[in-house]
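See below for the structure under consideration.
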Amino acid sequence: FVTSKATRTKNGDTMLFVSFSDDTAIYETVFFPEAYLAFRDLLFLGGAFLVEGLVQEDFGSFVLQVSNLQRFQENWS
């Protein structure tokens, strides 16, 4: 987790843009309202994450529309 920016949809629901990084790059993600509500508390715990979703292209930029988020556990194999 690097940084985030919250915004509101036209219906007034909160959504979140989040940047994640690893050893190779910074990755841009979007948490639409349903995903934001499901994962907001988990995001701010810190640590490493496994992020899953649909990669979308918009004007030459790629963003991951998040559908699942898990905190990385050291005992994962």
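Note on naming: chains are A, B, ... as they come in the structure tokens, residues start from 1 per chain, ligands start from 1 in the order shown.
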Which residues come within 8 Å of stretch 1-5 of chain A, counting only C-alpha atoms, excluding same-chain residues fewer than 4 positions away, as a PDB file with all heavy atoms, in the first residue's frame?
ATOM      1  N   LEU A  16     -12.585   4.323  -3.916  1.00  0.00           N
ATOM      2  CA  LEU A  16     -11.213   4.612  -3.527  1.00  0.00           C
ATOM      3  C   LEU A  16     -10.252   4.223  -4.641  1.00  0.00           C
ATOM      4  O   LEU A  16     -10.364   3.136  -5.220  1.00  0.00           O
ATOM      5  CB  LEU A  16     -10.889   3.805  -2.268  1.00  0.00           C
ATOM      6  CG  LEU A  16      -9.654   4.162  -1.472  1.00  0.00           C
ATOM      7  CD1 LEU A  16      -9.772   5.547  -0.863  1.00  0.00           C
ATOM      8  CD2 LEU A  16      -9.441   3.131  -0.369  1.00  0.00           C
ATOM      9  N   PHE A  17      -9.317   5.107  -4.939  1.00  0.00           N
ATOM     10  CA  PHE A  17      -8.201   4.806  -5.831  1.00  0.00           C
ATOM     11  C   PHE A  17      -6.999   4.537  -4.944  1.00  0.00           C
ATOM     12  O   PHE A  17      -6.688   5.339  -4.058  1.00  0.00           O
ATOM     13  CB  PHE A  17      -7.909   5.986  -6.764  1.00  0.00           C
ATOM     14  CG  PHE A  17      -9.032   6.269  -7.727  1.00  0.00           C
ATOM     15  CD1 PHE A  17      -9.989   7.224  -7.439  1.00  0.00           C
ATOM     16  CD2 PHE A  17      -9.125   5.559  -8.918  1.00  0.00           C
ATOM     17  CE1 PHE A  17     -11.024   7.482  -8.314  1.00  0.00           C
ATOM     18  CE2 PHE A  17     -10.161   5.804  -9.807  1.00  0.00           C
ATOM     19  CZ  PHE A  17     -11.114   6.772  -9.500  1.00  0.00           C
ATOM     20  N   VAL A  18      -6.328   3.410  -5.162  1.00  0.00           N
ATOM     21  CA  VAL A  18      -5.205   3.019  -4.315  1.00  0.00           C
ATOM     22  C   VAL A  18      -4.018   2.643  -5.188  1.00  0.00           C
ATOM     23  O   VAL A  18      -4.180   1.945  -6.196  1.00  0.00           O
ATOM     24  CB  VAL A  18      -5.563   1.819  -3.406  1.00  0.00           C
ATOM     25  CG1 VAL A  18      -4.382   1.416  -2.550  1.00  0.00           C
ATOM     26  CG2 VAL A  18      -6.760   2.153  -2.534  1.00  0.00           C
ATOM     27  N   SER A  19      -2.830   3.089  -4.787  1.00  0.00           N
ATOM     28  CA  SER A  19      -1.588   2.676  -5.432  1.00  0.00           C
ATOM     29  C   SER A  19      -0.893   1.658  -4.540  1.00  0.00           C
ATOM     30  O   SER A  19      -0.751   1.875  -3.337  1.00  0.00           O
ATOM     31  CB  SER A  19      -0.654   3.873  -5.638  1.00  0.00           C
ATOM     32  OG  SER A  19      -1.256   4.837  -6.462  1.00  0.00           O
ATOM     33  N   PHE A  20      -0.501   0.543  -5.146  1.00  0.00           N
ATOM     34  CA  PHE A  20       0.284  -0.489  -4.481  1.00  0.00           C
ATOM     35  C   PHE A  20       1.622  -0.574  -5.191  1.00  0.00           C
ATOM     36  O   PHE A  20       1.723  -0.227  -6.367  1.00  0.00           O
ATOM     37  CB  PHE A  20      -0.400  -1.863  -4.576  1.00  0.00           C
ATOM     38  CG  PHE A  20      -1.664  -1.987  -3.790  1.00  0.00           C
ATOM     39  CD1 PHE A  20      -2.895  -1.759  -4.379  1.00  0.00           C
ATOM     40  CD2 PHE A  20      -1.624  -2.349  -2.447  1.00  0.00           C
ATOM     41  CE1 PHE A  20      -4.073  -1.894  -3.653  1.00  0.00           C
ATOM     42  CE2 PHE A  20      -2.796  -2.490  -1.715  1.00  0.00           C
ATOM     43  CZ  PHE A  20      -4.017  -2.252  -2.324  1.00  0.00           C
ATOM     44  N   SER A  21       2.649  -1.061  -4.510  1.00  0.00           N
ATOM     45  CA  SER A  21       3.941  -1.254  -5.170  1.00  0.00           C
ATOM     46  C   SER A  21       4.532  -2.593  -4.762  1.00  0.00           C
ATOM     47  O   SER A  21       4.193  -3.157  -3.721  1.00  0.00           O
ATOM     48  CB  SER A  21       4.918  -0.125  -4.818  1.00  0.00           C
ATOM     49  OG  SER A  21       5.306  -0.212  -3.467  1.00  0.00           O
ATOM     50  N   LEU A  43      -7.537  -2.532   4.311  1.00  0.00           N
ATOM     51  CA  LEU A  43      -6.528  -1.725   3.610  1.00  0.00           C
ATOM     52  C   LEU A  43      -5.619  -0.959   4.564  1.00  0.00           C
ATOM     53  O   LEU A  43      -4.430  -0.838   4.324  1.00  0.00           O
ATOM     54  CB  LEU A  43      -7.214  -0.715   2.696  1.00  0.00           C
ATOM     55  CG  LEU A  43      -7.525  -1.162   1.291  1.00  0.00           C
ATOM     56  CD1 LEU A  43      -8.379  -0.124   0.596  1.00  0.00           C
ATOM     57  CD2 LEU A  43      -6.249  -1.406   0.526  1.00  0.00           C
ATOM     58  N   GLY A  46      -2.131  -2.089   6.929  1.00  0.00           N
ATOM     59  CA  GLY A  46      -0.746  -2.124   6.465  1.00  0.00           C
ATOM     60  C   GLY A  46      -0.305  -3.522   6.090  1.00  0.00           C
ATOM     61  O   GLY A  46      -1.080  -4.466   6.104  1.00  0.00           O
ATOM     62  N   GLY A  47       0.970  -3.640   5.737  1.00  0.00           N
ATOM     63  CA  GLY A  47       1.513  -4.925   5.343  1.00  0.00           C
ATOM     64  C   GLY A  47       1.415  -5.151   3.852  1.00  0.00           C
ATOM     65  O   GLY A  47       1.159  -4.242   3.076  1.00  0.00           O
ATOM     66  N   ALA A  48       1.615  -6.393   3.466  1.00  0.00           N
ATOM     67  CA  ALA A  48       1.562  -6.788   2.059  1.00  0.00           C
ATOM     68  C   ALA A  48       0.191  -7.384   1.751  1.00  0.00           C
ATOM     69  O   ALA A  48      -0.455  -7.958   2.628  1.00  0.00           O
ATOM     70  CB  ALA A  48       2.650  -7.803   1.765  1.00  0.00           C
ATOM     71  N   PHE A  49      -0.231  -7.247   0.491  1.00  0.00           N
ATOM     72  CA  PHE A  49      -1.557  -7.695   0.095  1.00  0.00           C
ATOM     73  C   PHE A  49      -1.501  -8.557  -1.158  1.00  0.00           C
ATOM     74  O   PHE A  49      -0.654  -8.369  -2.022  1.00  0.00           O
ATOM     75  CB  PHE A  49      -2.460  -6.491  -0.219  1.00  0.00           C
ATOM     76  CG  PHE A  49      -2.742  -5.622   0.962  1.00  0.00           C
ATOM     77  CD1 PHE A  49      -1.962  -4.524   1.234  1.00  0.00           C
ATOM     78  CD2 PHE A  49      -3.803  -5.907   1.808  1.00  0.00           C
ATOM     79  CE1 PHE A  49      -2.225  -3.714   2.321  1.00  0.00           C
ATOM     80  CE2 PHE A  49      -4.075  -5.110   2.898  1.00  0.00           C
ATOM     81  CZ  PHE A  49      -3.280  -4.011   3.164  1.00  0.00           C
TER      82      PHE A  49
END
Residues of stretch 13-72 of chain A classed as strand (DSSP E) by DSSP on the backbone are to be reported as number ranges by chain. A: 14-21, 26-31, 49-58, 61-71
Write a file of the just-selected residues containing N, CA and C atoms, as a compact mmCIF listing (two decimals), in the first residue's frame.
# COMPACT_ATOMS: atom_id res chain seq x y z
N THR A 14 -18.97 6.19 -1.64
CA THR A 14 -17.51 6.35 -1.60
C THR A 14 -16.85 5.26 -2.43
N MET A 15 -15.86 5.67 -3.20
CA MET A 15 -14.98 4.74 -3.90
C MET A 15 -13.55 5.20 -3.65
N LEU A 16 -12.59 4.32 -3.92
CA LEU A 16 -11.21 4.61 -3.53
C LEU A 16 -10.25 4.22 -4.64
N PHE A 17 -9.32 5.11 -4.94
CA PHE A 17 -8.20 4.81 -5.83
C PHE A 17 -7.00 4.54 -4.94
N VAL A 18 -6.33 3.41 -5.16
CA VAL A 18 -5.21 3.02 -4.32
C VAL A 18 -4.02 2.64 -5.19
N SER A 19 -2.83 3.09 -4.79
CA SER A 19 -1.59 2.68 -5.43
C SER A 19 -0.89 1.66 -4.54
N PHE A 20 -0.50 0.54 -5.15
CA PHE A 20 0.28 -0.49 -4.48
C PHE A 20 1.62 -0.57 -5.19
N SER A 21 2.65 -1.06 -4.51
CA SER A 21 3.94 -1.25 -5.17
C SER A 21 4.53 -2.59 -4.76
N ILE A 26 4.78 0.33 -9.58
CA ILE A 26 3.63 0.82 -8.82
C ILE A 26 2.38 0.45 -9.62
N TYR A 27 1.37 -0.06 -8.94
CA TYR A 27 0.15 -0.52 -9.58
C TYR A 27 -1.03 0.30 -9.09
N GLU A 28 -1.82 0.76 -10.06
CA GLU A 28 -3.00 1.57 -9.73
C GLU A 28 -4.22 0.66 -9.67
N THR A 29 -5.03 0.87 -8.64
CA THR A 29 -6.24 0.08 -8.47
C THR A 29 -7.42 0.99 -8.17
N VAL A 30 -8.61 0.46 -8.39
CA VAL A 30 -9.83 1.18 -8.03
C VAL A 30 -10.73 0.23 -7.25
N PHE A 31 -11.23 0.74 -6.14
CA PHE A 31 -12.20 0.03 -5.32
C PHE A 31 -13.53 0.74 -5.50
N PHE A 49 -0.23 -7.25 0.49
CA PHE A 49 -1.56 -7.70 0.09
C PHE A 49 -1.50 -8.56 -1.16
N LEU A 50 -2.46 -9.45 -1.26
CA LEU A 50 -2.77 -10.16 -2.48
C LEU A 50 -4.00 -9.47 -3.04
N VAL A 51 -3.86 -8.88 -4.22
CA VAL A 51 -4.94 -8.09 -4.83
C VAL A 51 -5.41 -8.81 -6.09
N GLU A 52 -6.71 -9.03 -6.20
CA GLU A 52 -7.28 -9.69 -7.37
C GLU A 52 -8.35 -8.81 -7.98
N GLY A 53 -8.48 -8.90 -9.31
CA GLY A 53 -9.52 -8.14 -9.99
C GLY A 53 -9.36 -8.20 -11.48
N LEU A 54 -10.00 -7.27 -12.15
CA LEU A 54 -10.03 -7.19 -13.60
C LEU A 54 -9.17 -6.02 -14.05
N VAL A 55 -8.19 -6.30 -14.93
CA VAL A 55 -7.35 -5.24 -15.47
C VAL A 55 -8.10 -4.55 -16.60
N GLN A 56 -8.17 -3.23 -16.52
CA GLN A 56 -8.84 -2.45 -17.55
C GLN A 56 -7.89 -1.39 -18.08
N GLU A 57 -8.03 -1.08 -19.37
CA GLU A 57 -7.22 -0.04 -19.99
C GLU A 57 -8.11 1.16 -20.27
N ASP A 58 -7.57 2.34 -19.97
CA ASP A 58 -8.29 3.57 -20.24
C ASP A 58 -7.30 4.59 -20.75
N SER A 61 -3.58 3.79 -20.08
CA SER A 61 -3.22 3.48 -18.70
C SER A 61 -3.99 2.26 -18.24
N PHE A 62 -3.36 1.47 -17.39
CA PHE A 62 -4.00 0.26 -16.89
C PHE A 62 -4.33 0.44 -15.41
N VAL A 63 -5.47 -0.09 -15.03
CA VAL A 63 -5.91 -0.04 -13.64
C VAL A 63 -6.56 -1.37 -13.31
N LEU A 64 -6.37 -1.81 -12.07
CA LEU A 64 -6.98 -3.05 -11.62
C LEU A 64 -8.25 -2.73 -10.86
N GLN A 65 -9.39 -3.19 -11.37
CA GLN A 65 -10.66 -3.03 -10.67
C GLN A 65 -10.74 -4.16 -9.65
N VAL A 66 -10.59 -3.83 -8.39
CA VAL A 66 -10.42 -4.83 -7.33
C VAL A 66 -11.72 -5.57 -7.04
N SER A 67 -11.61 -6.91 -6.99
CA SER A 67 -12.74 -7.75 -6.61
C SER A 67 -12.46 -8.54 -5.34
N ASN A 68 -11.17 -8.68 -4.99
CA ASN A 68 -10.81 -9.40 -3.77
C ASN A 68 -9.49 -8.85 -3.23
N LEU A 69 -9.38 -8.80 -1.93
CA LEU A 69 -8.18 -8.31 -1.27
C LEU A 69 -7.93 -9.15 -0.03
N GLN A 70 -6.69 -9.62 0.10
CA GLN A 70 -6.29 -10.38 1.28
C GLN A 70 -4.96 -9.86 1.77
N ARG A 71 -4.79 -9.84 3.07
CA ARG A 71 -3.47 -9.49 3.62
C ARG A 71 -2.58 -10.70 3.46
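Here atom CA of A:Leu37 is placed at a distance of 9.7 Å from atom CA of A:Asp13.
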Correct to one decimal, the distance atom CA of A:Phe39-atom CA of A:Lys10 is 21.0 Å
Helix (DSSP H, G or I) positions in chain A, given as a VMD selection string: chain A and resid 33 to 43
Writing out the chosen residues with all heavy atoms as a tab-separated table (two decimals), in the first residue's frame:
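Dumped to part23.tsv:
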chain	number	residue	atom	x	y	z
A	33	PRO	N	-17.61	1.22	-5.02
A	33	PRO	CA	-18.26	1.26	-3.70
A	33	PRO	C	-18.42	-0.09	-3.00
A	33	PRO	O	-18.16	-0.19	-1.80
A	33	PRO	CB	-19.62	1.90	-4.01
A	33	PRO	CG	-19.30	2.85	-5.13
A	33	PRO	CD	-18.33	2.07	-5.98
A	34	GLU	N	-18.84	-1.12	-3.70
A	34	GLU	CA	-19.02	-2.43	-3.06
A	34	GLU	C	-17.70	-2.98	-2.52
A	34	GLU	O	-17.62	-3.46	-1.38
A	34	GLU	CB	-19.64	-3.42	-4.04
A	34	GLU	CG	-19.98	-4.75	-3.42
A	34	GLU	CD	-20.68	-5.66	-4.41
A	34	GLU	OE1	-21.77	-5.30	-4.90
A	34	GLU	OE2	-20.12	-6.74	-4.69
A	35	ALA	N	-16.64	-2.89	-3.33
A	35	ALA	CA	-15.32	-3.37	-2.89
A	35	ALA	C	-14.77	-2.47	-1.78
A	35	ALA	O	-14.15	-2.96	-0.84
A	35	ALA	CB	-14.36	-3.42	-4.07
A	36	TYR	N	-15.00	-1.17	-1.88
A	36	TYR	CA	-14.55	-0.25	-0.84
A	36	TYR	C	-15.16	-0.64	0.51
A	36	TYR	O	-14.45	-0.74	1.51
A	36	TYR	CB	-14.90	1.18	-1.21
A	36	TYR	CG	-14.67	2.15	-0.07
A	36	TYR	CD1	-13.38	2.51	0.29
A	36	TYR	CD2	-15.73	2.66	0.66
A	36	TYR	CE1	-13.16	3.38	1.36
A	36	TYR	CE2	-15.52	3.52	1.72
A	36	TYR	CZ	-14.24	3.88	2.06
A	36	TYR	OH	-14.03	4.72	3.11
A	37	LEU	N	-16.47	-0.87	0.53
A	37	LEU	CA	-17.12	-1.24	1.78
A	37	LEU	C	-16.61	-2.58	2.32
A	37	LEU	O	-16.45	-2.75	3.52
A	37	LEU	CB	-18.63	-1.30	1.59
A	37	LEU	CG	-19.33	0.05	1.41
A	37	LEU	CD1	-20.80	-0.15	1.06
A	37	LEU	CD2	-19.16	0.93	2.63
A	38	ALA	N	-16.33	-3.51	1.41
A	38	ALA	CA	-15.89	-4.84	1.83
A	38	ALA	C	-14.46	-4.84	2.38
A	38	ALA	O	-14.15	-5.61	3.29
A	38	ALA	CB	-15.98	-5.81	0.65
A	39	PHE	N	-13.59	-3.97	1.86
A	39	PHE	CA	-12.16	-4.07	2.17
A	39	PHE	C	-11.55	-2.85	2.83
A	39	PHE	O	-10.36	-2.83	3.14
A	39	PHE	CB	-11.38	-4.39	0.89
A	39	PHE	CG	-11.85	-5.62	0.19
A	39	PHE	CD1	-12.38	-5.55	-1.08
A	39	PHE	CD2	-11.78	-6.86	0.81
A	39	PHE	CE1	-12.83	-6.69	-1.74
A	39	PHE	CE2	-12.22	-8.00	0.17
A	39	PHE	CZ	-12.75	-7.92	-1.11
A	40	ARG	N	-12.31	-1.81	3.11
A	40	ARG	CA	-11.73	-0.57	3.63
A	40	ARG	C	-10.97	-0.76	4.93
A	40	ARG	O	-9.90	-0.19	5.12
A	40	ARG	CB	-12.78	0.52	3.77
A	40	ARG	CG	-13.84	0.20	4.80
A	40	ARG	CD	-14.88	1.25	4.86
A	40	ARG	NE	-15.95	0.80	5.76
A	40	ARG	CZ	-17.10	1.40	5.86
A	40	ARG	NH1	-17.35	2.47	5.13
A	40	ARG	NH2	-18.02	0.93	6.69
A	41	ASP	N	-11.50	-1.55	5.85
A	41	ASP	CA	-10.82	-1.74	7.13
A	41	ASP	C	-9.52	-2.51	6.96
A	41	ASP	O	-8.52	-2.21	7.61
A	41	ASP	CB	-11.73	-2.47	8.11
A	41	ASP	CG	-12.94	-1.63	8.50
A	41	ASP	OD1	-12.87	-0.40	8.42
A	41	ASP	OD2	-13.97	-2.23	8.87
A	42	LEU	N	-9.50	-3.47	6.06
A	42	LEU	CA	-8.32	-4.28	5.80
A	42	LEU	C	-7.19	-3.46	5.19
A	42	LEU	O	-6.02	-3.62	5.53
A	42	LEU	CB	-8.70	-5.43	4.86
A	42	LEU	CG	-7.67	-6.49	4.55
A	42	LEU	CD1	-7.27	-7.22	5.82
A	42	LEU	CD2	-8.24	-7.47	3.53
A	43	LEU	N	-7.54	-2.53	4.31
A	43	LEU	CA	-6.53	-1.73	3.61
A	43	LEU	C	-5.62	-0.96	4.56
A	43	LEU	O	-4.43	-0.84	4.32
A	43	LEU	CB	-7.21	-0.71	2.70
A	43	LEU	CG	-7.52	-1.16	1.29
A	43	LEU	CD1	-8.38	-0.12	0.60
A	43	LEU	CD2	-6.25	-1.41	0.53
